[in-house]
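Next up, model.tsv (TSV, N, CA and C atoms):
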chain	number	residue	atom	x	y	z
A	1	MET	N	111.58	93.89	31.73
A	1	MET	CA	112.69	94.72	31.33
A	1	MET	C	113.21	94.20	30.00
A	2	GLU	N	113.56	95.13	29.14
A	2	GLU	CA	114.05	94.77	27.81
A	2	GLU	C	115.50	95.22	27.62
A	3	LYS	N	116.12	94.67	26.61
A	3	LYS	CA	117.49	95.04	26.28
A	3	LYS	C	117.52	96.55	25.99
A	4	GLY	N	118.48	97.23	26.58
A	4	GLY	CA	118.62	98.67	26.37
A	4	GLY	C	117.96	99.52	27.44
A	5	ASP	N	117.12	98.93	28.31
A	5	ASP	CA	116.52	99.68	29.42
A	5	ASP	C	117.62	100.11	30.39
A	6	THR	N	117.34	101.14	31.16
A	6	THR	CA	118.31	101.63	32.13
A	6	THR	C	117.89	101.21	33.53
A	7	VAL	N	118.85	100.68	34.27
A	7	VAL	CA	118.64	100.25	35.65
A	7	VAL	C	119.50	101.13	36.55
A	8	ALA	N	118.88	101.76	37.54
A	8	ALA	CA	119.61	102.57	38.51
A	8	ALA	C	119.94	101.71	39.71
A	9	LEU	N	121.19	101.74	40.14
A	9	LEU	CA	121.62	101.01	41.33
A	9	LEU	C	121.87	102.02	42.44
A	10	TYR	N	120.98	102.02	43.42
A	10	TYR	CA	121.08	102.93	44.56
A	10	TYR	C	121.35	102.08	45.79
A	11	LEU	N	122.58	101.57	45.85
A	11	LEU	CA	122.96	100.58	46.86
A	11	LEU	C	124.25	100.98	47.56
A	12	LEU	N	124.39	100.50	48.79
A	12	LEU	CA	125.63	100.65	49.53
A	12	LEU	C	126.63	99.65	48.96
A	13	ASN	N	127.84	99.67	49.48
A	13	ASN	CA	128.86	98.71	49.09
A	13	ASN	C	128.51	97.37	49.72
A	14	CYS	N	127.87	96.49	48.94
A	14	CYS	CA	127.36	95.23	49.47
A	14	CYS	C	127.30	94.19	48.34
A	15	PRO	N	127.11	92.92	48.68
A	15	PRO	CA	127.03	91.88	47.64
A	15	PRO	C	125.91	92.15	46.62
A	16	GLN	N	124.81	92.73	47.06
A	16	GLN	CA	123.69	92.99	46.16
A	16	GLN	C	124.09	93.92	45.01
A	17	TYR	N	125.03	94.84	45.27
A	17	TYR	CA	125.48	95.75	44.22
A	17	TYR	C	126.13	94.96	43.08
A	18	VAL	N	127.05	94.08	43.43
A	18	VAL	CA	127.75	93.28	42.43
A	18	VAL	C	126.77	92.38	41.68
A	19	ILE	N	125.88	91.74	42.42
A	19	ILE	CA	124.89	90.84	41.81
A	19	ILE	C	123.99	91.61	40.85
A	20	ALA	N	123.46	92.76	41.31
A	20	ALA	CA	122.56	93.56	40.47
A	20	ALA	C	123.27	94.10	39.24
A	21	TYR	N	124.52	94.53	39.41
A	21	TYR	CA	125.29	95.09	38.31
A	21	TYR	C	125.46	94.06	37.19
A	22	PHE	N	125.96	92.87	37.55
A	22	PHE	CA	126.19	91.86	36.52
A	22	PHE	C	124.89	91.30	35.96
A	23	ALA	N	123.85	91.22	36.78
A	23	ALA	CA	122.54	90.76	36.28
A	23	ALA	C	121.99	91.73	35.24
A	24	ALA	N	122.11	93.03	35.51
A	24	ALA	CA	121.63	94.03	34.56
A	24	ALA	C	122.41	93.95	33.25
A	25	LEU	N	123.71	93.81	33.34
A	25	LEU	CA	124.52	93.68	32.12
A	25	LEU	C	124.16	92.42	31.34
A	26	LYS	N	123.93	91.32	32.06
A	26	LYS	CA	123.56	90.05	31.42
A	26	LYS	C	122.24	90.19	30.65
A	27	LEU	N	121.32	91.02	31.20
A	27	LEU	CA	120.03	91.26	30.54
A	27	LEU	C	120.13	92.27	29.40
A	28	GLY	N	121.29	92.88	29.25
A	28	GLY	CA	121.47	93.87	28.19
A	28	GLY	C	121.03	95.27	28.58
A	29	ALA	N	120.90	95.51	29.86
A	29	ALA	CA	120.47	96.82	30.34
A	29	ALA	C	121.68	97.74	30.53
A	30	LYS	N	121.40	99.04	30.52
A	30	LYS	CA	122.41	100.03	30.86
A	30	LYS	C	122.32	100.24	32.36
A	31	VAL	N	123.45	100.49	33.01
A	31	VAL	CA	123.47	100.67	34.46
A	31	VAL	C	123.88	102.10	34.78
A	32	THR	N	123.13	102.72	35.68
A	32	THR	CA	123.51	104.02	36.21
A	32	THR	C	123.61	103.92	37.72
A	33	PRO	N	124.84	103.99	38.25
A	33	PRO	CA	124.97	103.93	39.71
A	33	PRO	C	124.62	105.27	40.34
A	34	ILE	N	123.95	105.22	41.48
A	34	ILE	CA	123.60	106.43	42.23
A	34	ILE	C	124.31	106.35	43.57
A	35	SER	N	125.02	107.40	43.91
A	35	SER	CA	125.76	107.43	45.17
A	35	SER	C	124.79	107.40	46.34
A	36	PRO	N	125.06	106.58	47.36
A	36	PRO	CA	124.18	106.52	48.53
A	36	PRO	C	124.16	107.79	49.36
A	37	VAL	N	125.07	108.71	49.11
A	37	VAL	CA	125.09	109.97	49.86
A	37	VAL	C	124.30	111.07	49.15
A	38	TYR	N	123.73	110.78	47.99
A	38	TYR	CA	122.94	111.78	47.26
A	38	TYR	C	121.67	112.13	48.02
A	39	THR	N	121.26	113.38	47.90
A	39	THR	CA	119.97	113.82	48.44
A	39	THR	C	118.88	113.41	47.46
A	40	SER	N	117.63	113.55	47.87
A	40	SER	CA	116.52	113.17	46.99
A	40	SER	C	116.51	114.01	45.71
A	41	LYS	N	116.93	115.27	45.80
A	41	LYS	CA	116.99	116.14	44.62
A	41	LYS	C	118.02	115.60	43.62
A	42	GLU	N	119.16	115.16	44.12
A	42	GLU	CA	120.20	114.61	43.25
A	42	GLU	C	119.78	113.26	42.68
A	43	VAL	N	119.10	112.46	43.48
A	43	VAL	CA	118.59	111.17	43.01
A	43	VAL	C	117.59	111.40	41.89
A	44	LYS	N	116.69	112.37	42.07
A	44	LYS	CA	115.69	112.68	41.05
A	44	LYS	C	116.36	113.09	39.74
A	45	HIS	N	117.37	113.94	39.84
A	45	HIS	CA	118.08	114.38	38.63
A	45	HIS	C	118.70	113.19	37.90
A	46	GLN	N	119.34	112.30	38.65
A	46	GLN	CA	119.99	111.16	38.01
A	46	GLN	C	118.96	110.20	37.39
A	47	LEU	N	117.85	109.96	38.09
A	47	LEU	CA	116.82	109.07	37.54
A	47	LEU	C	116.22	109.65	36.26
A	48	GLU	N	115.93	110.94	36.27
A	48	GLU	CA	115.34	111.57	35.08
A	48	GLU	C	116.35	111.69	33.95
A	49	ASP	N	117.58	112.07	34.27
A	49	ASP	CA	118.60	112.26	33.25
A	49	ASP	C	118.96	110.94	32.57
A	50	SER	N	118.98	109.86	33.34
A	50	SER	CA	119.34	108.55	32.78
A	50	SER	C	118.15	107.83	32.16
A	51	GLU	N	116.94	108.36	32.39
A	51	GLU	CA	115.70	107.73	31.93
A	51	GLU	C	115.56	106.30	32.47
A	52	ALA	N	115.95	106.12	33.73
A	52	ALA	CA	115.86	104.80	34.36
A	52	ALA	C	114.41	104.41	34.56
A	53	GLU	N	114.10	103.16	34.25
A	53	GLU	CA	112.76	102.62	34.46
A	53	GLU	C	112.72	101.72	35.69
A	54	THR	N	113.89	101.27	36.10
A	54	THR	CA	114.01	100.36	37.23
A	54	THR	C	115.06	100.91	38.19
A	55	VAL	N	114.76	100.81	39.48
A	55	VAL	CA	115.76	101.16	40.48
A	55	VAL	C	115.87	100.00	41.46
A	56	ILE	N	117.10	99.59	41.71
A	56	ILE	CA	117.38	98.58	42.71
A	56	ILE	C	117.98	99.35	43.88
A	57	CYS	N	117.29	99.29	45.01
A	57	CYS	CA	117.55	100.22	46.10
A	57	CYS	C	117.69	99.52	47.44
A	58	GLN	N	118.60	100.02	48.25
A	58	GLN	CA	118.72	99.56	49.63
A	58	GLN	C	117.49	100.05	50.39
A	59	ASP	N	116.92	99.22	51.24
A	59	ASP	CA	115.70	99.60	51.95
A	59	ASP	C	115.87	100.88	52.77
A	60	ILE	N	117.04	101.10	53.33
A	60	ILE	CA	117.25	102.30	54.14
A	60	ILE	C	117.41	103.56	53.30
A	61	LEU	N	117.56	103.42	51.99
A	61	LEU	CA	117.69	104.57	51.09
A	61	LEU	C	116.39	104.87	50.34
A	62	TYR	N	115.39	104.01	50.51
A	62	TYR	CA	114.16	104.15	49.73
A	62	TYR	C	113.46	105.49	49.91
A	63	SER	N	113.55	106.08	51.08
A	63	SER	CA	112.83	107.35	51.31
A	63	SER	C	113.29	108.43	50.32
A	64	ASN	N	114.56	108.43	49.93
A	64	ASN	CA	115.03	109.41	48.94
A	64	ASN	C	114.43	109.16	47.57
A	65	VAL	N	114.22	107.90	47.22
A	65	VAL	CA	113.57	107.57	45.94
A	65	VAL	C	112.11	108.01	45.99
A	66	GLU	N	111.46	107.74	47.11
A	66	GLU	CA	110.06	108.10	47.28
A	66	GLU	C	109.85	109.62	47.16
A	67	LYS	N	110.76	110.39	47.75
A	67	LYS	CA	110.63	111.84	47.73
A	67	LYS	C	110.82	112.45	46.35
A	68	THR	N	111.43	111.71	45.42
A	68	THR	CA	111.66	112.25	44.08
A	68	THR	C	110.37	112.44	43.30
A	69	GLY	N	109.40	111.55	43.52
A	69	GLY	CA	108.16	111.62	42.77
A	69	GLY	C	108.28	111.10	41.34
A	70	VAL	N	109.41	110.51	41.00
A	70	VAL	CA	109.64	109.98	39.66
A	70	VAL	C	108.85	108.69	39.48
A	71	SER	N	108.16	108.57	38.34
A	71	SER	CA	107.40	107.36	38.04
A	71	SER	C	108.35	106.30	37.50
A	72	LEU	N	108.41	105.17	38.18
A	72	LEU	CA	109.29	104.08	37.79
A	72	LEU	C	108.46	102.83	37.49
A	73	ALA	N	108.92	102.04	36.55
A	73	ALA	CA	108.22	100.80	36.22
A	73	ALA	C	108.44	99.74	37.30
A	74	ARG	N	109.65	99.72	37.88
A	74	ARG	CA	109.98	98.73	38.88
A	74	ARG	C	110.86	99.34	39.97
A	75	VAL	N	110.55	99.00	41.21
A	75	VAL	CA	111.39	99.35	42.36
A	75	VAL	C	111.69	98.05	43.08
A	76	ILE	N	112.96	97.71	43.19
A	76	ILE	CA	113.37	96.48	43.85
A	76	ILE	C	114.14	96.86	45.10
A	77	LEU	N	113.64	96.43	46.25
A	77	LEU	CA	114.27	96.76	47.52
A	77	LEU	C	115.07	95.57	48.04
A	78	THR	N	116.19	95.86	48.67
A	78	THR	CA	117.01	94.84	49.28
A	78	THR	C	117.50	95.36	50.63
A	79	SER	N	117.96	94.46	51.47
A	79	SER	CA	118.44	94.82	52.79
A	79	SER	C	119.87	94.34	52.96
A	80	ILE	N	120.66	95.12	53.67
A	80	ILE	CA	122.05	94.75	53.90
A	80	ILE	C	122.15	93.44	54.68
A	81	SER	N	121.13	93.12	55.46
A	81	SER	CA	121.16	91.92	56.29
A	81	SER	C	120.96	90.62	55.51
A	82	GLU	N	120.55	90.70	54.26
A	82	GLU	CA	120.26	89.48	53.51
A	82	GLU	C	121.45	88.55	53.34
A	83	TYR	N	122.66	89.09	53.37
A	83	TYR	CA	123.84	88.25	53.18
A	83	TYR	C	124.68	88.12	54.44
A	84	LEU	N	124.09	88.45	55.58
A	84	LEU	CA	124.79	88.28	56.85
A	84	LEU	C	124.60	86.86	57.38
A	85	PRO	N	125.57	86.38	58.16
A	85	PRO	CA	125.37	85.09	58.83
A	85	PRO	C	124.18	85.19	59.79
A	86	PRO	N	123.53	84.07	60.12
A	86	PRO	CA	122.31	84.09	60.94
A	86	PRO	C	122.42	84.86	62.25
A	87	LEU	N	123.51	84.69	62.99
A	87	LEU	CA	123.64	85.35	64.28
A	87	LEU	C	123.75	86.87	64.12
A	88	LYS	N	124.55	87.31	63.15
A	88	LYS	CA	124.68	88.75	62.90
A	88	LYS	C	123.36	89.33	62.38
A	89	LYS	N	122.65	88.54	61.58
A	89	LYS	CA	121.35	88.99	61.08
A	89	LYS	C	120.38	89.20	62.24
A	90	TRP	N	120.37	88.27	63.19
A	90	TRP	CA	119.49	88.39	64.34
A	90	TRP	C	119.83	89.62	65.17
A	91	PHE	N	121.13	89.84	65.45
A	91	PHE	CA	121.54	91.02	66.21
A	91	PHE	C	121.21	92.29	65.45
A	92	GLY	N	121.41	92.27	64.14
A	92	GLY	CA	121.10	93.45	63.32
A	92	GLY	C	119.62	93.78	63.33
A	93	LYS	N	118.77	92.76	63.23
A	93	LYS	CA	117.33	92.99	63.24
A	93	LYS	C	116.86	93.54	64.58
A	94	SER	N	117.42	93.01	65.68
A	94	SER	CA	117.00	93.51	66.99
A	94	SER	C	117.47	94.94	67.21
A	95	ALA	N	118.66	95.27	66.74
A	95	ALA	CA	119.16	96.65	66.87
A	95	ALA	C	118.35	97.60	66.00
A	96	MET	N	118.02	97.17	64.78
A	96	MET	CA	117.23	98.02	63.87
A	96	MET	C	115.81	98.20	64.41
A	97	ALA	N	115.27	97.16	65.03
A	97	ALA	CA	113.92	97.28	65.59
A	97	ALA	C	113.89	98.34	66.68
A	98	LYS	N	114.94	98.38	67.49
A	98	LYS	CA	115.01	99.40	68.54
A	98	LYS	C	115.18	100.79	67.93
A	99	ALA	N	116.02	100.90	66.90
A	99	ALA	CA	116.31	102.20	66.30
A	99	ALA	C	115.13	102.73	65.47
A	100	TYR	N	114.45	101.83	64.76
A	100	TYR	CA	113.41	102.26	63.83
A	100	TYR	C	112.04	101.68	64.18
A	101	GLY	N	111.79	101.45	65.45
A	101	GLY	CA	110.55	100.82	65.90
A	101	GLY	C	109.28	101.49	65.42
A	102	GLY	N	109.23	102.82	65.39
A	102	GLY	CA	108.02	103.54	65.00
A	102	GLY	C	107.98	103.93	63.55
A	103	MET	N	108.97	103.52	62.75
A	103	MET	CA	109.03	103.94	61.35
A	103	MET	C	108.02	103.16	60.50
A	104	HIS	N	107.32	103.86	59.62
A	104	HIS	CA	106.37	103.22	58.70
A	104	HIS	C	107.05	103.02	57.36
A	105	VAL	N	107.09	101.79	56.88
A	105	VAL	CA	107.63	101.48	55.56
A	105	VAL	C	106.47	101.34	54.60
A	106	PRO	N	106.39	102.20	53.58
A	106	PRO	CA	105.25	102.15	52.67
A	106	PRO	C	105.30	100.92	51.77
A	107	THR	N	104.12	100.43	51.42
A	107	THR	CA	104.04	99.37	50.44
A	107	THR	C	103.77	100.04	49.09
A	108	LEU	N	104.14	99.36	48.02
A	108	LEU	CA	103.95	99.94	46.70
A	108	LEU	C	102.71	99.36	46.06
A	109	LYS	N	101.95	100.22	45.38
A	109	LYS	CA	100.78	99.75	44.62
A	109	LYS	C	100.91	100.25	43.20
A	110	ARG	N	100.34	99.50	42.28
A	110	ARG	CA	100.42	99.87	40.87
A	110	ARG	C	99.67	101.17	40.66
A	111	SER	N	100.29	102.07	39.91
A	111	SER	CA	99.73	103.40	39.67
A	111	SER	C	99.61	103.62	38.17
A	112	GLY	N	98.40	103.54	37.65
A	112	GLY	CA	98.17	103.82	36.23
A	112	GLY	C	98.75	102.75	35.33
A	113	LYS	N	99.02	103.15	34.09
A	113	LYS	CA	99.50	102.23	33.06
A	113	LYS	C	100.86	101.65	33.41
A	114	ARG	N	101.73	102.49	33.93
A	114	ARG	CA	103.06	102.01	34.27
A	114	ARG	C	103.54	102.75	35.49
A	115	GLY	N	104.23	102.06	36.35
A	115	GLY	CA	104.80	102.69	37.51
A	115	GLY	C	104.13	102.30	38.79
A	116	PHE	N	104.76	102.66	39.88
A	116	PHE	CA	104.27	102.37	41.20
A	116	PHE	C	104.24	103.64	42.02
A	117	SER	N	103.36	103.68	42.98
A	117	SER	CA	103.34	104.78	43.91
A	117	SER	C	103.18	104.23	45.32
A	118	PRO	N	103.72	104.92	46.31
A	118	PRO	CA	103.61	104.41	47.67
A	118	PRO	C	102.18	104.41	48.17
A	119	SER	N	101.84	103.38	48.89
A	119	SER	CA	100.50	103.27	49.48
A	119	SER	C	100.60	103.59	50.96
A	120	ARG	N	99.69	104.36	51.48
A	120	ARG	CA	99.72	104.76	52.88
A	120	ARG	C	98.76	103.92	53.71
A	121	THR	N	98.83	102.60	53.60
A	121	THR	CA	97.92	101.75	54.37
A	121	THR	C	98.54	101.32	55.66
In structure tokens, what does this structure look like?
Amino acid sequence: MEKGDTVALYLLNCPQYVIAYFAALKLGAKVTPISPVYTSKEVKHQLEDSEAETVICQDILYSNVEKTGVSLARVILTSISEYLPPLKKWFGKSAMAKAYGGMHVPTLKRSGKRGFSPSRT
């Protein structure tokens, strides 16, 4: 990432938002926040309109980014549980496993000169 690049923050209200925001500013990047309630169509419009090359995204919101079809240089995923105390993290993981047991999370593979695309492995 270079000075002047645009970073999209597609995060819930969490510590990662504050960390990513100030890190992007420290690197000289422009920040475009994306509301977590946006649909994939609205996310696509914001990514294209802002010319974002990087998106920092909550793992539970990634499906909306994937549905946009926008080619991005970098996709950084984070989880709300990363900053929870160990006991709450354990309870959260067991509850999420029950709720999303059959869900497939795609891995990203390099696609062409620049960008990533989901891999269906």
Rounded to one decimal place, report the atom N of Phe22 of chain A-atom N of Gln58 of chain A distance in Å.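 According to the coordinates, atom N of Phe22 of chain A and atom N of Gln58 of chain A are separated by 14.8 Å.
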Nearest candidate to Val55 of chain A (options A:Tyr38, A:Ile19, A:Ile76, A:Leu11; using only N, CA and C atoms):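 Using only N, CA and C atoms, the shortest distance to Val55 of chain A belongs to A:Ile76.
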The distance between atom CA of Arg74 of chain A and atom CA of Pro33 of chain A is 15.9 Å
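Checking A:Ala8, A:Glu2, A:Tyr62, A:Ala73 one by one against Ser50 of chain A, counting only C-alpha atoms, you find the shortest gap at A:Ala8.
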Point-to-point distance in Å for atom CA of Ala29 of chain A and atom CA of Glu51 of chain A: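 That distance, rounded to one decimal, is 12.0 Å.
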For Ser71 of chain A, which residue among A:Val18, A:Met1, A:Cys57, A:Ala52 is the nearest when counting only C-alpha atoms? A:Ala52
Pick from A:Leu84, A:Ala20, A:Val75, A:Val65: nearest to Lys44 of chain A, with all atoms listed in the file counted? A:Val65
Name the residues within 5 Å of (117.7, 102.4, 29.0), counting only N, CA and C atoms in the file's coordinates, and put them as a PyMOL selection string. chain A and resi 4-6
So which one's closest to Thr54 of chain A, A:Ala24, A:Pro15, A:Glu66, A:Ile80? Using only C-alpha atoms, please. A:Ala24
Quick one: of A:Thr68, A:Ser40, A:Thr78, A:Ser35, who's nearest to Ile56 of chain A, counting only N, CA and C atoms?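 Checking each of A:Thr68, A:Ser40, A:Thr78, A:Ser35 against Ile56 of chain A, counting only N, CA and C atoms, the winner is A:Thr78.
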